[in-house]
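my_file_35.cif (mmCIF, C-alpha atoms)
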```cif
data_final
#
loop_
_atom_site.label_atom_id
_atom_site.label_comp_id
_atom_site.auth_asym_id
_atom_site.auth_seq_id
_atom_site.Cartn_x
_atom_site.Cartn_y
_atom_site.Cartn_z
CA MET A 1 -20.29 9.05 13.00
CA ALA A 2 -22.58 8.29 15.92
CA GLY A 3 -21.60 9.05 19.52
CA LYS A 4 -20.30 6.32 21.81
CA ARG A 5 -22.00 4.59 24.73
CA GLY A 6 -20.28 2.70 27.52
CA MET A 7 -20.96 -0.71 29.05
CA THR A 8 -19.43 -2.98 31.67
CA LEU A 9 -18.25 -6.40 30.52
CA ASN A 10 -17.54 -9.21 32.99
CA LEU A 11 -15.40 -12.02 31.61
CA THR A 12 -14.23 -15.30 33.09
CA ASP A 13 -10.50 -15.85 33.53
CA VAL A 14 -10.40 -18.01 30.42
CA GLU A 15 -12.28 -15.46 28.35
CA MET A 16 -10.04 -12.64 29.58
CA LYS A 17 -6.94 -14.72 28.78
CA ALA A 18 -8.21 -15.30 25.24
CA LEU A 19 -8.97 -11.61 24.85
CA GLU A 20 -5.52 -10.62 26.11
CA GLU A 21 -3.82 -13.11 23.79
CA LEU A 22 -5.74 -11.78 20.81
CA ALA A 23 -4.96 -8.19 21.79
CA THR A 24 -1.24 -9.01 21.92
CA LYS A 25 -1.26 -11.00 18.70
CA LYS A 26 -3.23 -8.39 16.77
CA ASP A 27 -1.47 -5.38 18.29
CA LEU A 28 -4.83 -4.01 19.45
CA SER A 29 -6.36 -2.82 22.69
CA LYS A 30 -8.87 -5.21 24.28
CA THR A 31 -11.66 -2.78 23.37
CA ALA A 32 -10.52 -2.75 19.75
CA VAL A 33 -10.47 -6.58 19.69
CA LEU A 34 -14.09 -6.68 20.86
CA ARG A 35 -15.06 -4.03 18.30
CA GLN A 36 -13.41 -6.11 15.55
CA ALA A 37 -15.18 -9.23 16.83
CA LEU A 38 -18.54 -7.47 16.57
CA ARG A 39 -17.73 -6.39 13.01
CA PHE A 40 -16.89 -9.95 12.02
CA TYR A 41 -19.91 -11.45 13.78
CA GLN A 42 -22.32 -8.98 12.23
CA THR A 43 -20.80 -9.46 8.75
CA VAL A 44 -21.07 -13.24 9.03
CA GLU A 45 -24.66 -13.06 10.28
CA ILE A 46 -25.84 -10.73 7.55
CA ARG A 47 -24.05 -12.60 4.77
CA MET A 48 -25.47 -15.91 5.95
CA GLU A 49 -28.94 -14.35 6.07
CA ARG A 50 -28.37 -13.40 2.41
CA GLY A 51 -27.67 -17.04 1.64
CA ASP A 52 -23.85 -17.04 1.70
CA LYS A 53 -21.80 -19.82 3.33
CA LEU A 54 -18.75 -19.36 5.56
CA VAL A 55 -15.98 -21.59 4.23
CA PHE A 56 -12.38 -22.02 5.38
CA GLU A 57 -9.78 -23.08 2.84
CA ASN A 58 -6.44 -24.53 3.85
CA LEU A 59 -3.81 -22.51 1.98
CA HIS A 60 -1.54 -25.52 1.57
CA THR A 61 -3.89 -28.41 0.87
CA LYS A 62 -6.68 -26.25 -0.66
CA GLU A 63 -9.09 -28.38 1.40
CA LYS A 64 -12.30 -26.51 2.15
CA SER A 65 -14.49 -26.87 5.21
CA GLU A 66 -17.74 -25.11 5.91
CA LEU A 67 -18.27 -23.50 9.30
CA MET A 68 -21.77 -24.25 10.52
CA LEU A 69 -23.30 -21.51 12.62
CA LEU A 70 -26.48 -22.45 14.39
CA MET B 1 -25.23 11.75 11.35
CA ALA B 2 -22.30 12.40 9.03
CA GLU B 3 -19.50 14.62 10.31
CA THR B 4 -17.31 16.84 8.16
CA SER B 5 -13.77 18.15 8.40
CA ARG B 6 -12.31 21.06 6.53
CA ILE B 7 -9.64 20.17 3.97
CA PHE B 8 -7.93 21.99 1.12
CA LEU B 9 -7.72 21.02 -2.55
CA TRP B 10 -5.57 22.61 -5.24
CA ASP B 11 -7.20 24.52 -8.10
CA PRO B 12 -4.65 24.23 -10.93
CA ILE B 13 -6.40 26.81 -13.12
CA VAL B 14 -6.00 29.70 -10.69
CA SER B 15 -3.02 28.10 -8.87
CA ALA B 16 -4.59 28.44 -5.44
CA SER B 17 -5.88 26.18 -2.69
CA VAL B 18 -9.62 25.99 -2.11
CA GLU B 19 -11.54 24.92 0.95
CA ALA B 20 -13.42 21.63 0.71
CA LEU B 21 -15.17 19.21 3.05
CA LEU B 22 -14.30 15.62 3.93
CA TRP B 23 -17.39 13.63 4.99
CA ASP B 24 -17.06 10.51 7.18
CA GLU B 25 -20.03 8.88 5.46
CA ILE B 26 -21.38 8.56 1.92
CA THR B 27 -24.92 9.91 2.20
CA THR B 28 -27.95 9.50 -0.05
CA SER B 29 -27.39 13.12 -1.06
CA HIS B 30 -23.86 12.23 -2.28
CA LEU B 31 -25.24 9.33 -4.28
CA ALA B 32 -27.87 11.63 -5.81
CA GLN B 33 -25.08 14.03 -6.79
CA TRP B 34 -23.12 11.13 -8.27
CA GLU B 35 -26.12 10.24 -10.45
CA LYS B 36 -26.77 13.83 -11.46
CA THR B 37 -23.22 14.96 -12.18
CA TRP B 38 -20.71 12.09 -12.48
CA VAL B 39 -22.85 9.84 -14.67
CA PRO B 40 -23.42 12.40 -17.49
CA GLU B 41 -19.79 13.57 -17.34
CA ARG B 42 -18.66 9.97 -17.55
CA ALA B 43 -20.96 9.37 -20.53
CA ALA B 44 -19.48 12.42 -22.29
CA ILE B 45 -15.94 11.12 -21.66
CA ARG B 46 -16.94 7.68 -22.95
CA LYS B 47 -18.31 9.28 -26.13
CA ARG B 48 -15.13 11.31 -26.65
CA LEU B 49 -13.03 8.17 -26.23
CA GLU B 50 -15.22 6.21 -28.64
CA ASP B 51 -15.20 9.03 -31.20
CA ALA B 52 -11.42 9.29 -30.96
CA LYS B 53 -11.23 5.49 -31.38
CA ILE B 54 -9.16 5.16 -28.21
CA SER B 55 -8.59 1.51 -27.36
CA LYS B 56 -10.64 0.40 -24.35
CA ASP B 57 -7.53 -0.67 -22.47
CA GLN B 58 -6.60 3.03 -22.39
CA TRP B 59 -9.93 4.13 -20.89
CA PRO B 60 -10.18 5.20 -17.25
CA GLN B 61 -10.38 1.89 -15.40
CA SER B 62 -13.15 2.98 -13.02
CA ILE B 63 -15.43 4.26 -15.80
CA HIS B 64 -17.97 1.48 -15.16
CA TRP B 65 -18.18 1.80 -11.35
CA GLU B 66 -21.67 2.13 -9.91
CA TRP B 67 -21.38 3.75 -6.50
CA PRO B 68 -25.01 3.26 -5.41
CA ILE B 69 -24.50 -0.52 -5.78
CA LYS B 70 -21.16 -0.44 -3.96
CA ILE B 71 -22.75 1.38 -1.03
CA ALA B 72 -25.97 -0.67 -0.97
CA ASP B 73 -23.89 -3.88 -0.83
CA VAL B 74 -22.47 -2.93 2.58
CA SER B 75 -25.34 -0.88 3.98
CA GLY B 76 -25.66 -1.35 7.75
CA LEU B 77 -22.45 -3.39 8.06
CA LEU B 78 -20.14 -2.22 10.86
CA ALA B 79 -17.12 -3.56 8.99
CA TYR B 80 -17.36 -0.89 6.28
CA ALA B 81 -17.15 2.88 6.18
CA GLY B 82 -17.46 5.50 3.48
CA PHE B 83 -15.96 8.92 2.84
CA ALA B 84 -16.85 11.71 0.44
CA VAL B 85 -15.15 14.95 -0.58
CA THR B 86 -17.23 17.93 -1.62
CA CYS B 87 -16.17 21.37 -2.76
CA GLY B 88 -18.88 24.00 -2.93
CA ASN B 89 -21.92 22.05 -4.06
CA ALA B 90 -19.94 19.55 -6.12
CA LEU B 91 -19.05 15.96 -5.22
CA GLU B 92 -15.34 15.54 -5.92
CA GLY B 93 -14.42 12.11 -4.54
CA LEU B 94 -15.72 8.92 -2.94
CA MET B 95 -14.09 6.08 -0.99
CA ARG B 96 -15.35 2.84 0.56
CA VAL B 97 -13.16 1.08 3.13
CA ALA B 98 -13.31 -2.21 5.04
CA LEU B 99 -12.19 -2.56 8.66
CA HIS B 100 -12.05 -6.34 9.01
CA ARG B 101 -9.06 -7.16 6.80
CA SER B 102 -5.50 -8.06 7.82
CA ALA B 103 -2.06 -6.81 6.85
CA ARG B 104 0.26 -8.81 4.57
CA LEU B 105 3.63 -7.08 5.01
CA PRO B 106 5.98 -9.57 6.70
CA SER B 107 6.45 -7.24 9.69
CA GLU B 108 2.70 -6.68 10.07
CA VAL B 109 1.12 -9.90 8.85
CA GLY B 110 -2.21 -10.72 10.47
CA LYS B 111 -2.63 -7.33 12.12
CA PRO B 112 -5.73 -5.31 11.27
CA LEU B 113 -5.71 -2.51 8.74
CA VAL B 114 -8.03 -0.19 6.87
CA TYR B 115 -8.51 -1.76 3.45
CA ILE B 116 -9.54 0.63 0.67
CA ASP B 117 -12.13 -1.27 -1.36
CA TYR B 118 -12.82 1.54 -3.82
CA VAL B 119 -11.66 5.12 -4.22
CA GLU B 120 -12.49 7.40 -7.11
CA VAL B 121 -12.31 11.09 -7.97
CA ALA B 122 -14.98 12.89 -10.02
CA PRO B 123 -14.62 12.36 -13.80
CA TRP B 124 -13.69 16.02 -14.35
CA ASN B 125 -10.63 15.34 -12.18
CA TRP B 126 -9.47 12.35 -14.22
CA PRO B 127 -6.07 13.03 -15.76
CA ALA B 128 -5.38 12.74 -19.50
CA MET B 129 -8.95 13.50 -20.57
CA GLY B 130 -7.81 16.42 -22.71
CA LYS B 131 -9.26 18.99 -20.33
CA PRO B 132 -7.67 20.77 -17.37
CA LEU B 133 -8.44 19.15 -14.01
CA ARG B 134 -10.86 21.05 -11.81
CA TYR B 135 -9.06 20.08 -8.59
CA LYS B 136 -6.00 18.15 -7.48
CA GLY B 137 -5.38 16.56 -4.10
CA ILE B 138 -8.61 14.59 -3.71
CA GLY B 139 -6.92 11.18 -3.81
CA THR B 140 -4.38 12.35 -1.26
CA ALA B 141 -7.15 13.70 1.00
CA LEU B 142 -8.98 10.37 0.86
CA LEU B 143 -5.82 8.32 1.50
CA THR B 144 -5.08 10.62 4.43
CA ALA B 145 -8.60 9.95 5.75
CA ALA B 146 -7.91 6.20 5.55
CA VAL B 147 -4.64 6.58 7.50
CA ILE B 148 -6.30 8.74 10.16
CA LEU B 149 -9.19 6.26 10.48
CA SER B 150 -6.64 3.45 10.83
CA ARG B 151 -4.95 5.29 13.71
CA LYS B 152 -8.30 6.08 15.32
CA GLU B 153 -9.24 2.39 15.21
CA GLY B 154 -5.94 1.43 16.85
CA PHE B 155 -4.48 0.01 13.60
CA TYR B 156 -1.42 2.34 13.75
CA GLY B 157 -1.98 3.80 10.29
CA ARG B 158 -1.88 0.47 8.44
CA VAL B 159 -3.71 0.75 5.11
CA GLY B 160 -3.95 -1.77 2.28
CA LEU B 161 -5.48 -1.81 -1.19
CA HIS B 162 -5.44 -3.44 -4.59
CA SER B 163 -4.66 -0.80 -7.19
CA LEU B 164 -5.95 -0.42 -10.69
CA PRO B 165 -2.86 -0.21 -12.94
CA GLN B 166 -3.53 3.46 -13.81
CA ALA B 167 -3.36 4.46 -10.13
CA ALA B 168 -0.36 2.38 -9.06
CA ALA B 169 2.21 5.19 -9.46
CA PHE B 170 0.23 7.36 -7.02
CA TYR B 171 0.43 4.70 -4.28
CA VAL B 172 4.13 4.18 -4.84
CA LYS B 173 4.64 7.95 -4.49
CA ALA B 174 2.58 7.85 -1.29
CA GLY B 175 5.15 5.44 0.18
CA MET B 176 3.08 2.25 0.03
CA ALA B 177 5.00 -1.00 -0.32
CA THR B 178 4.22 -3.15 -3.35
CA LEU B 179 3.58 -6.79 -2.60
CA GLY B 180 3.05 -7.76 -6.23
CA GLU B 181 0.21 -9.18 -8.26
CA ASP B 182 -2.58 -10.90 -6.38
CA PRO B 183 -4.01 -13.79 -8.40
CA ASP B 184 -7.08 -13.82 -6.16
CA VAL B 185 -8.01 -10.22 -7.08
CA GLU B 186 -7.91 -10.12 -10.88
CA GLY B 187 -4.11 -9.97 -10.85
CA LEU B 188 -4.14 -6.45 -9.41
CA ASP B 189 -1.08 -5.26 -7.53
CA TYR B 190 -1.47 -5.18 -3.75
CA PHE B 191 -0.07 -2.17 -1.84
CA GLU B 192 0.29 -1.63 1.87
CA LEU B 193 1.24 1.23 4.16
CA SER B 194 3.11 0.18 7.32
CA PRO B 195 2.82 2.21 10.55
CA ALA B 196 6.21 3.84 9.83
CA ALA B 197 5.26 4.58 6.22
CA ALA B 198 1.93 5.99 7.43
CA SER B 199 3.77 8.47 9.68
CA ALA B 200 6.02 9.45 6.79
CA PHE B 201 2.99 9.83 4.51
CA LEU B 202 1.23 12.15 6.96
CA GLY B 203 4.39 14.23 7.08
CA LYS B 204 4.61 14.70 3.33
CA GLU B 205 0.97 14.52 2.15
CA ALA B 206 1.00 18.20 1.21
CA ASP B 207 3.74 17.49 -1.33
CA LEU B 208 1.87 14.74 -3.19
#
```

As structure tokens, what does this structure read like?
Amino acid sequence: MAGKRGMTLNLTDVEMKALEELATKKDLSKTAVLRQALRFYQTVEIRMERGDKLVFENLHTKEKSELMLL
Amino acid sequence: MAETSRIFLWDPIVSASVEALLWDEITTSHLAQWEKTWVPERAAIRKRLEDAKISKDQWPQSIHWEWPIKIADVSGLLAYAGFAVTCGNALEGLMRVALHRSARLPSEVGKPLVYIDYVEVAPWNWPAMGKPLRYKGIGTALLTAAVILSRKEGFYGRVGLHSLPQAAAFYVKAGMATLGEDPDVEGLDYFELSPAAASAFLGKEADL
């Protein structure tokens, strides 16, 4: 595994609140939430570059909606 | 750059533990070894099974897996990691995991876990092939690596996987909870290790 490098991240109050809520909900540190977010974002980007679509399906109604990323 | 840790496997022929290496990456060298050693061994096993007229539903269920494809599919993606076990110059086990999946146990639902996409031991370590196993303990070493990675990532040891039927008893013995058949994944049984079960597993892994 590669070594780690540090950075400073400045967030607005709203962004920090969202980060803290996610950290609580997911039982993760704020750093781990951001690392997970990067994993998701990169996966979505690369899969869309390969021609895949990102689709959400409602578990109850089975209705599908495509998430458009510009 | 891949890092290695020292682990121990069990040699059942001489009844002694042997030193091996756990790699935190599946390298091109491992894939070359897979091609050079696993593929011909697998072909020999396939021939023995065909000659003995063993029904295909009794064959090892990973006999068709192509590791170079499985690794190429996720190359460069941060959400995936690979592990390999080597002993001497031989490749003894491989595992691919995903880091962006969520737990399903009612007490853990929605929380992140290490999901084992694929794990396989070398064909000469497959049980019931009519030959003595070269080594035991590779599956346990790889499951342990998944639990340790889960803790390192802040996932508290949570690990999930869909098991091939032939491997299900191993995961039950490891303390994983069974959540039943998953119709979305070929009807395979889904297993999950909770944080408490992960601690218990790390305490007893030597006995598995």

Would you list which chain B residues are within 12 Å of chain A using all atoms listed in the file, as a compact mmCIF listing (two decimals) with C-alpha atoms, in the frame of the given file?
```
# COMPACT_ATOMS: atom_id res chain seq x y z
CA MET B 1 -25.23 11.75 11.35
CA ALA B 2 -22.30 12.40 9.03
CA GLU B 3 -19.50 14.62 10.31
CA THR B 4 -17.31 16.84 8.16
CA TRP B 23 -17.39 13.63 4.99
CA ASP B 24 -17.06 10.51 7.18
CA GLU B 25 -20.03 8.88 5.46
CA ILE B 26 -21.38 8.56 1.92
CA THR B 27 -24.92 9.91 2.20
CA ASP B 73 -23.89 -3.88 -0.83
CA VAL B 74 -22.47 -2.93 2.58
CA SER B 75 -25.34 -0.88 3.98
CA GLY B 76 -25.66 -1.35 7.75
CA LEU B 77 -22.45 -3.39 8.06
CA LEU B 78 -20.14 -2.22 10.86
CA ALA B 79 -17.12 -3.56 8.99
CA TYR B 80 -17.36 -0.89 6.28
CA ALA B 81 -17.15 2.88 6.18
CA GLY B 82 -17.46 5.50 3.48
CA PHE B 83 -15.96 8.92 2.84
CA ALA B 98 -13.31 -2.21 5.04
CA LEU B 99 -12.19 -2.56 8.66
CA HIS B 100 -12.05 -6.34 9.01
CA ARG B 101 -9.06 -7.16 6.80
CA SER B 102 -5.50 -8.06 7.82
CA ALA B 103 -2.06 -6.81 6.85
CA SER B 107 6.45 -7.24 9.69
CA GLU B 108 2.70 -6.68 10.07
CA VAL B 109 1.12 -9.90 8.85
CA GLY B 110 -2.21 -10.72 10.47
CA LYS B 111 -2.63 -7.33 12.12
CA PRO B 112 -5.73 -5.31 11.27
CA LEU B 113 -5.71 -2.51 8.74
CA VAL B 114 -8.03 -0.19 6.87
CA LEU B 149 -9.19 6.26 10.48
CA SER B 150 -6.64 3.45 10.83
CA ARG B 151 -4.95 5.29 13.71
CA LYS B 152 -8.30 6.08 15.32
CA GLU B 153 -9.24 2.39 15.21
CA GLY B 154 -5.94 1.43 16.85
CA PHE B 155 -4.48 0.01 13.60
CA TYR B 156 -1.42 2.34 13.75
CA ARG B 158 -1.88 0.47 8.44
CA PRO B 195 2.82 2.21 10.55
```

Practice prompt. Work out how far CA of His64 in chain B is from CA of Gly160 in chain B, in Å to one decimal.
Written response: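 Rounded to one decimal, the two atoms are 22.6 Å apart.
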
Fill in: Length of the CA of Val172 in chain B to CA of Leu193 in chain B vector [Å]
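Result for CA of Val172 in chain B versus CA of Leu193 in chain B: 9.9 Å, one decimal.
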
Discussion item. Report, in Å to a single decimal, how far apart CA of Pro40 in chain B and CA of Ala141 in chain B are.
Written reply: 24.7 Å

With the file shown as input, list the residues that the PyMOL selection byres ((chain B and resi 121-135) around 9) selects, as a PDB file with C-alpha atoms, in the coordinates of the input.
```
ATOM      1  CA  LEU B   9      -7.720  21.020  -2.550  1.00  0.00           C
ATOM      2  CA  TRP B  10      -5.570  22.610  -5.240  1.00  0.00           C
ATOM      3  CA  ASP B  11      -7.200  24.520  -8.100  1.00  0.00           C
ATOM      4  CA  PRO B  12      -4.650  24.230 -10.930  1.00  0.00           C
ATOM      5  CA  ILE B  13      -6.400  26.810 -13.120  1.00  0.00           C
ATOM      6  CA  VAL B  18      -9.620  25.990  -2.110  1.00  0.00           C
ATOM      7  CA  TRP B  34     -23.120  11.130  -8.270  1.00  0.00           C
ATOM      8  CA  THR B  37     -23.220  14.960 -12.180  1.00  0.00           C
ATOM      9  CA  TRP B  38     -20.710  12.090 -12.480  1.00  0.00           C
ATOM     10  CA  VAL B  39     -22.850   9.840 -14.670  1.00  0.00           C
ATOM     11  CA  GLU B  41     -19.790  13.570 -17.340  1.00  0.00           C
ATOM     12  CA  ARG B  42     -18.660   9.970 -17.550  1.00  0.00           C
ATOM     13  CA  ILE B  45     -15.940  11.120 -21.660  1.00  0.00           C
ATOM     14  CA  ARG B  48     -15.130  11.310 -26.650  1.00  0.00           C
ATOM     15  CA  LEU B  49     -13.030   8.170 -26.230  1.00  0.00           C
ATOM     16  CA  PRO B  60     -10.180   5.200 -17.250  1.00  0.00           C
ATOM     17  CA  ILE B  63     -15.430   4.260 -15.800  1.00  0.00           C
ATOM     18  CA  VAL B  85     -15.150  14.950  -0.580  1.00  0.00           C
ATOM     19  CA  LEU B  91     -19.050  15.960  -5.220  1.00  0.00           C
ATOM     20  CA  GLU B  92     -15.340  15.540  -5.920  1.00  0.00           C
ATOM     21  CA  GLY B  93     -14.420  12.110  -4.540  1.00  0.00           C
ATOM     22  CA  LEU B  94     -15.720   8.920  -2.940  1.00  0.00           C
ATOM     23  CA  MET B  95     -14.090   6.080  -0.990  1.00  0.00           C
ATOM     24  CA  VAL B 119     -11.660   5.120  -4.220  1.00  0.00           C
ATOM     25  CA  GLU B 120     -12.490   7.400  -7.110  1.00  0.00           C
ATOM     26  CA  LYS B 136      -6.000  18.150  -7.480  1.00  0.00           C
ATOM     27  CA  GLY B 137      -5.380  16.560  -4.100  1.00  0.00           C
ATOM     28  CA  ILE B 138      -8.610  14.590  -3.710  1.00  0.00           C
ATOM     29  CA  GLY B 139      -6.920  11.180  -3.810  1.00  0.00           C
TER      30      GLY B 139
END
```

Practice prompt. Skip Ala198 in chain B itself and residues of its chain fewer than 4 positions away, then list as a PyMOL selection string all residues within 8 Å of it, counting only C-alpha atoms.
Written response: chain B and resi 147+157-158+175+193-194+202

Fill in: Residues matched by the PyMOL selection byres ((chain B and resi 163) around 9), written as a PyMOL selection string
chain B and resi 161-162+164-168+171+188-191

Fill in: Given the PyMOL selection byres ((chain A and resi 65) around 6), the residues it picks as a list in words
Val55, Phe56, Lys64 and Glu66 of chain A
